[in-house]
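**Student:** Got a structure for you, questions after.
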Amino acid sequence: MQEFLQFIFSGLTVGAVYALVALGFTIIYNASEVVNFAQGEFVMLGGMTTVFLAAAGVPLPLAAALAVVATVAVGLALYAFAIAPVRGASTVTLIIITIGASILIRGAAQVIFDKQVHRLPSFSGDAPITLAGAAILPQSFWILGGAAVIVVGLKAFFEHTLTGKAVLAAAANSLAAELVGISLRKVVGLSFALSAAIGAVGGILAAPITFTSYDMGTLLALKGFAAAMLGGIGNPIGAVVGGLMVGLLEAFGAGYVSSSYKDGIAFLVILVVLFAMPQGLFGRAKVERV
Amino acid sequence: MTKTTSAALGGLAALALMAGAAHAEAIKIGAVLSATGPAAFLGDPEQKTLDLYVKKINEAGGIDGKTIELVTYDDGGDANKARTFAERLVEQDEVVAVIGGTTTGTSMAMIPVFEDNEIPFISLAGGIQIVDPVKPFTFKTPHTDRMACEKIFADMKARGLAKIALASGTGGFGASMREQCLKVAPAAGIEIVADETYGPKDTDMTPQITKIRGTAGVEAVLNADFGQGPAVFTRNYAQLGMTLPLYQSHGVASKQFIELAGPAADGARLPAAALLVADDLAADDPQKPVVTEYRDAFEAATGQPVSTFGGHAYDGLMILKEAIDRADSADPGEIRDQIEATKGFVGTAGVVTMSPENHLGLDLSSFRMLAIENGCCWVIVE
Amino acid sequence: MALPPAARRYLPVAAILAIVVVLPFVALGSGYHYRLATLVWTATIAVIGLNLLMGFAGQVSLGHAAFGGIAAYAVAVLPAHLGLHPVASFAVGVAAAGLLAAVVGRPILKLKGHHLAIATLGLGILVAMVIQNEAAWTGGPDGMQVPRVEIAGLRLRGAEPWYWICGLACVAAALLAVNLVDSPTGRALRAIHDSEIAAKVAGIDVPRAKLKVFVLSAVYAAVAGGLLALSSGFASPDTAGFLHSVELVTMVVLGGLGSIFGSLVGAAVLTLLPQVLTVFQDYEHLVLGALMIAVMVGLRRGIVPSLGDLLKGRRT
């Protein structure tokens, strides 16, 4: 039992980071149908910028805040220079552009920061908390709590503010939204900014445990994308659940089956789910119009 | 033509001749390193070391008055790219020798190119298959992973530990070391009762450690990997309250590991070159002046803590330099002969003596067993 | 230039053949150059296959490098462990890749769009994982040597023989693709691309057509991977990895979806560009990413179709 609980906490901690990446994917996808493969780089930028600012003497909370702002700026730049100019281009073109963007951001990080691995100090120490025989780091609670706050905040934003509702409207039907005066440019730009912020926060929260380095983004984007598909791309709750599930699958795969194939096990389960439920766990079945 | 004009022309001609001669006298050395990608942890200090010391050698007058021209390519850890760059160095850039191959994979991909074209190659990777079987033009400077296993097992035996758990990364370094340790364990009297792996970019190994904890009879744990993996592993190890002796590999032989792993690393043991404990070496230890000078120079130039991987690049460059010096020529064949004739070279990894059958030149005695203490430093525990 | 449609069809094939034959005399001065050209030819074969799947049939695959990896490792593992001749191993590898595609294709191709992308991604990751983990067979992460090929006593040594083998294989691949596109199957694929439901209504066996092109593109990728391993002398897990799959997709889109000659352009650009960009040292990836974005933003249908549009535009 103690083992089982340990695996659950391991899976949830790792899964929370995937959930935030998946959430970022979903927000951008909802507003613009773009799958942003540079999503993982936002996580990297959050962590690395904070590390370097802190090393330069900026107090940690301020460094973190500045890092989020910087990442949002990068997200907006990505939209303005690489996505907005090609409005109407095919999906594949946009995917290649975001892949190019992720290479660009990684290349810039390698030069502006460095190629070493870094970490941030844990927010409330490293002493593990024992819960029914399982040992959990305090930072895990920060990650899970932070993710929860973000999800609740997003829900409130989308459902109770005019801007949030505008984003939802644009996601539901972009033409109709434009007709009622919603600026698609602003909505999509906002979605990029939000995704960047969420990614950056995730990176900062996770850096004390997962460390941060200039090339951590690629694998994260991969898993986040898979998690978003598992949950049903387009559904924020699905993205979060998908992320947590991928984390849990990896932990249980490593713990009960085979540690060398744990990533494969996670993907295998995703494949099985997609065959049975092509729209994902929480997605709505798509109606194909002729 | 007036006297002044002809004198000026003569001077110009002499200058042109000298400039041409100086350029023709440059010795071209190639390097293919994994400065980016999964092995950047190893390749980055190697690159910085080569750049730093080529500059130093040239400032001191070069080799026999000839400057060294270093041509470097980054293979990103990809064996196919490394192979292409190897051909580029040999055919385009026409180098006379190559240092590089950060990983065993990239080294093995490049070796056929250098052997076919008879260009001496000094590899910076750990795999034993690079020099066993011996190939005429291939040498290497780091200890083999088999030596690391033997050193670790000897220390375990001395402490009365016989049943151990192995936790390795699935990247080239970890997989290779795991393979060698499994091979030499029986002869060393060690029984491996648990064998877990994790991915190089994994961020949580508590499931693997939980399984190890649940295996009966485990007396010690060996973590074979480099970069961030062992740091995460070590933190998880402490998080789960594991008190069994923890051994790391030579893949964590850098201050970065201690910085990342924090207090959790205290008590961990690892085999490493004397470079890490330069200050604790005996005053008459032949390695002391060499490692101290390298450490000081590297840290001053890069602002980063020293690591043994950069040290391997230093050894490779210096062995090559002395070989070119002794050969007194830029002919690759003669350089190769002189590399093979290296005797008693004092480097950061140990004292190197090569032979036609031994293209590594190091033995177990140059590996020191270190323990980490006080969250900061290494101490020799032999 | 008013060419009869039959001849215009084969223009890309003729162009590729011309380049393969002429290049050694104008540009290839060293073994390194021959090797680069060989890399371009093998990449083009894989990209043509992927283009058939993505450009004509409108499907997507983020795991295609895995098929290349299967053939690459076949030519490494089978001679070493079973004593098979490299050429026979090559055939086995290509057949195995095709078989895997046939088995996995039916269920996977029921998915569409991003779901298909994830499924193929997962497939690719699983194959790459098996290659990397089963070290006893495959040599693990460090890869495995591939023996030199000997045909009828003639040892294939050096870069030149492989240049010609891969170059001519590339021409054959283009020829086959052009023939397919203008065949009933090709027309069926384009119909599926436009609208699967309409195609079904018109009587096309959609699952069967999709499976055919999936298997064919897998075979192309396998041929490319096997040739790459044979010409390089080794097989490494990177060949089957996710990054390589993404690179293939990038080559397709960069060159132009649905353009055979574009396949060559895309393959050439992404193979040669990193070699050229080494002058930028540390800034290499930064420049590469920026270039990719610039090209896709400027020539959004891919290089060859966009340039074609520009030329046509000028005329009218």
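Going by the structure tokens order, chains are called A, B, ..., each with residues numbered from 1, while ligands are numbered from 1 in the order shown.
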Please report as a PyMOL selection string which residues of chain A come no farther than 7 Å from chain C, using only C-alpha atoms.
**Tutor:** chain A and resi 82+85-86+89+92-93+96-97+100-101+103-104+107-108+111+226+229+264+267+271+278+290
**Student:** Include N, CA and C atoms and write out the residues we just selected as a compact mmCIF listing (two decimals), in the first residue's frame.
**Tutor:**
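Below is the file that was written, result28.txt:
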```
# COMPACT_ATOMS: atom_id res chain seq x y z
N ALA A 82 5.37 35.17 -36.18
CA ALA A 82 5.39 33.87 -36.85
C ALA A 82 4.02 33.30 -37.14
N PRO A 85 1.20 36.57 -39.25
CA PRO A 85 1.42 36.86 -40.67
C PRO A 85 0.91 35.76 -41.60
N VAL A 86 0.75 34.54 -41.06
CA VAL A 86 0.34 33.45 -41.96
C VAL A 86 -1.08 33.00 -41.68
N ALA A 89 -3.04 29.95 -43.31
CA ALA A 89 -2.17 28.91 -43.88
C ALA A 89 -2.62 27.55 -43.37
N VAL A 92 -0.36 22.13 -41.40
CA VAL A 92 1.01 21.64 -41.39
C VAL A 92 2.00 22.80 -41.43
N THR A 93 1.69 23.81 -42.24
CA THR A 93 2.59 24.97 -42.28
C THR A 93 2.76 25.57 -40.90
N ILE A 96 4.95 23.42 -38.67
CA ILE A 96 6.39 23.57 -38.96
C ILE A 96 6.90 24.90 -38.43
N ILE A 97 6.05 25.93 -38.52
CA ILE A 97 6.48 27.24 -37.99
C ILE A 97 6.71 27.14 -36.49
N GLY A 100 9.87 25.39 -35.86
CA GLY A 100 10.98 26.31 -36.10
C GLY A 100 11.13 27.27 -34.93
N ALA A 101 10.01 27.73 -34.39
CA ALA A 101 10.07 28.64 -33.25
C ALA A 101 10.71 27.96 -32.05
N ILE A 103 12.90 25.59 -32.08
CA ILE A 103 14.35 25.50 -32.33
C ILE A 103 15.01 26.85 -32.09
N LEU A 104 14.33 27.90 -32.58
CA LEU A 104 14.87 29.25 -32.42
C LEU A 104 15.02 29.61 -30.94
N GLY A 107 17.76 27.66 -29.38
CA GLY A 107 19.05 28.18 -29.81
C GLY A 107 19.40 29.47 -29.11
N ALA A 108 18.38 30.33 -28.91
CA ALA A 108 18.63 31.58 -28.21
C ALA A 108 18.97 31.31 -26.75
N VAL A 111 22.49 30.36 -26.08
CA VAL A 111 23.46 31.43 -26.18
C VAL A 111 23.30 32.44 -25.04
N ALA A 226 0.60 14.83 -26.06
CA ALA A 226 -0.07 13.54 -25.90
C ALA A 226 -1.13 13.62 -24.82
N MET A 229 -4.18 15.41 -26.08
CA MET A 229 -4.98 14.57 -26.95
C MET A 229 -5.74 13.54 -26.14
N GLY A 264 6.91 4.17 -23.03
CA GLY A 264 6.17 3.42 -24.04
C GLY A 264 4.82 2.97 -23.51
N PHE A 267 2.36 5.80 -23.70
CA PHE A 267 1.87 6.02 -25.05
C PHE A 267 0.94 4.91 -25.50
N LEU A 271 -2.80 5.31 -26.92
CA LEU A 271 -3.26 4.76 -28.19
C LEU A 271 -4.55 3.97 -28.01
N PRO A 278 -12.14 8.12 -29.86
CA PRO A 278 -11.31 8.98 -30.71
C PRO A 278 -11.35 10.45 -30.32
N VAL A 290 -20.04 17.66 -44.56
CA VAL A 290 -19.66 17.33 -45.93
C VAL A 290 -19.48 18.61 -46.74
```
**Student:** Excluding B:Gly76 and its own-chain neighbours fewer than 6 positions away, which residues fall within 6 Å of it when counting only C-alpha atoms? Please give them as a list in words.
**Tutor:** Ser34, Thr36 and Gly37 of chain B
**Student:** Please list as a list in words every residue within 6 Å of stretch 229-237 of chain C, counting only C-alpha atoms and excluding residues in the same chain fewer than 5 positions away.
**Tutor:**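 Once the adjacent positions are removed, what remains is Ala72, Tyr73, Gly143, Met144, Gln145, Val146 and Trp162 of chain C.
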**Student:** Using only C-alpha atoms and a cut-off of 7 Å, which residues of chain A sit close to chain B? Please list them as a ChimeraX atom specification.
**Tutor:** /A:3,7,10,115-119,128,135,210,251,254-255,259-260
**Student:** Just to confirm, what's the straight-line distance from atom CA of C:Ala74 to atom CA of C:Gly93 in Å (one decimal)?
**Tutor:**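 Going from atom CA of C:Ala74 over to atom CA of C:Gly93, I get 4.9 Å.
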**Student:** So which residues touch B:Glu191 within 8 Å, counting only C-alpha atoms, skipping near sequence neighbours fewer than 2 positions away, as a ChimeraX atom specification?
**Tutor:** /B:162-164,185-186,189,193
**Student:** I need the alpha helix (DSSP H) residues of stretch 212-260 of chain A per DSSP on the backbone, written as a VMD selection string.
**Tutor:** chain A and resid 217 to 231 236 to 252
**Student:** Could you list, as a short mmCIF file (atom, residue, chain, number, x, y, z; two decimals) with N, CA and C atoms, in the first residue's frame, the residues of chain B having an atom within 8 Å of chain C when counting only C-alpha atoms?
**Tutor:**
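Below you can see part.cif, which holds the result:
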```
data_model
loop_
_atom_site.label_atom_id
_atom_site.label_comp_id
_atom_site.auth_asym_id
_atom_site.auth_seq_id
_atom_site.Cartn_x
_atom_site.Cartn_y
_atom_site.Cartn_z
N TYR B 73 33.50 21.06 -34.82
CA TYR B 73 32.10 20.90 -35.24
C TYR B 73 31.31 20.31 -34.08
N ASP B 74 30.03 20.67 -34.04
CA ASP B 74 29.14 20.19 -32.99
C ASP B 74 28.20 19.15 -33.58
N ASP B 78 24.49 13.29 -32.20
CA ASP B 78 23.95 12.43 -33.26
C ASP B 78 25.08 11.74 -34.00
N ALA B 79 25.04 10.39 -34.02
CA ALA B 79 26.14 9.64 -34.62
C ALA B 79 26.26 9.89 -36.12
N ASN B 80 25.13 10.04 -36.80
CA ASN B 80 25.18 10.29 -38.24
C ASN B 80 25.86 11.61 -38.55
N ARG B 83 29.59 11.38 -38.06
CA ARG B 83 30.26 10.73 -39.18
C ARG B 83 30.48 11.70 -40.34
N THR B 84 29.46 12.51 -40.65
CA THR B 84 29.59 13.49 -41.74
C THR B 84 30.67 14.50 -41.41
N GLU B 87 34.15 13.11 -41.92
CA GLU B 87 34.59 13.15 -43.32
C GLU B 87 34.94 14.57 -43.73
N ARG B 88 34.17 15.53 -43.21
CA ARG B 88 34.45 16.92 -43.56
C ARG B 88 35.83 17.32 -43.07
N GLU B 91 38.50 15.41 -45.33
CA GLU B 91 38.59 15.72 -46.76
C GLU B 91 38.55 17.20 -47.07
N GLN B 92 37.69 17.96 -46.37
CA GLN B 92 37.60 19.40 -46.64
C GLN B 92 38.70 20.15 -45.92
N THR B 104 30.38 7.44 -26.77
CA THR B 104 30.86 6.22 -27.42
C THR B 104 30.18 6.06 -28.78
N GLY B 105 28.88 6.39 -28.85
CA GLY B 105 28.16 6.25 -30.11
C GLY B 105 28.78 7.07 -31.24
N THR B 106 29.05 8.35 -30.95
CA THR B 106 29.63 9.20 -31.99
C THR B 106 31.05 8.74 -32.30
N MET B 108 32.34 5.66 -32.13
CA MET B 108 32.31 4.45 -32.94
C MET B 108 31.89 4.73 -34.37
N ALA B 109 31.02 5.74 -34.55
CA ALA B 109 30.58 6.07 -35.91
C ALA B 109 31.72 6.70 -36.70
N THR B 170 19.21 5.21 -19.41
CA THR B 170 19.14 4.46 -20.66
C THR B 170 19.92 5.12 -21.79
N GLY B 171 20.61 6.21 -21.50
CA GLY B 171 21.46 6.82 -22.52
C GLY B 171 22.71 5.99 -22.72
N GLY B 172 23.56 6.40 -23.67
CA GLY B 172 24.75 5.62 -24.00
C GLY B 172 25.65 5.37 -22.82
N ALA B 175 23.90 2.99 -20.20
CA ALA B 175 23.70 1.63 -20.72
C ALA B 175 25.02 0.90 -20.84
#
```
**Student:** I want to know what sits within 8 Å of C:Ala224, based on only C-alpha atoms, with residues of the same chain fewer than 6 positions away left out; could you give that as a PyMOL selection string?
**Tutor:** chain C and resi 42-43+45-46+68
**Student:** Can I get the selected residues back with N, CA and C atoms, as a PDB file, in the first residue's frame?
**Tutor:**
```pdb
ATOM      1  N   THR C  42      19.119   9.735 -49.946  1.00  0.00           N
ATOM      2  CA  THR C  42      18.359   8.838 -49.075  1.00  0.00           C
ATOM      3  C   THR C  42      17.231   9.596 -48.385  1.00  0.00           C
ATOM      4  N   ALA C  43      17.510  10.823 -47.950  1.00  0.00           N
ATOM      5  CA  ALA C  43      16.450  11.598 -47.308  1.00  0.00           C
ATOM      6  C   ALA C  43      15.310  11.833 -48.294  1.00  0.00           C
ATOM      7  N   ILE C  45      14.266   9.975 -50.711  1.00  0.00           N
ATOM      8  CA  ILE C  45      13.419   8.794 -50.865  1.00  0.00           C
ATOM      9  C   ILE C  45      12.373   8.764 -49.755  1.00  0.00           C
ATOM     10  N   ALA C  46      12.826   8.951 -48.508  1.00  0.00           N
ATOM     11  CA  ALA C  46      11.887   8.925 -47.383  1.00  0.00           C
ATOM     12  C   ALA C  46      10.866  10.044 -47.507  1.00  0.00           C
ATOM     13  N   GLY C  68      12.263   3.644 -41.079  1.00  0.00           N
ATOM     14  CA  GLY C  68      13.648   3.712 -41.520  1.00  0.00           C
ATOM     15  C   GLY C  68      14.558   2.990 -40.533  1.00  0.00           C
TER      16      GLY C  68
END
```
**Student:** Please determine, counting only C-alpha atoms, which residue among A:Phe52, A:Phe123, A:Phe282, A:Phe225 has the shortest atom-to-atom distance to A:Tyr29.
**Tutor:**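 For A:Tyr29, the nearest of the given residues is A:Phe225.
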**Student:** Grab the atom CA of A:Ala177 to atom CA of A:Ser32 distance for me, in Å with one decimal place.
**Tutor:**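 So the answer is 12.5 Å.
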**Student:** Using only C-alpha atoms for the distances, tell me which of C:Val149, C:Leu62, C:Ala15, C:Val20 is nearest to C:Pro79.
**Tutor:**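 Checking each candidate against C:Pro79, we get C:Val149 as the closest.
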**Student:** Kindly indicate which residue among B:Leu182, B:Ile128, B:Ala148, B:Ala313 lies nearest to B:Thr102, using only C-alpha atoms for the distances.
**Tutor:**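 So, comparing all the options, the nearest one is B:Ala313.
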**Student:** Could you work out how far atom CA of B:Ala274 lies from atom CA of B:Ile29, giving the answer in Å with one decimal?
**Tutor:** 27.4 Å
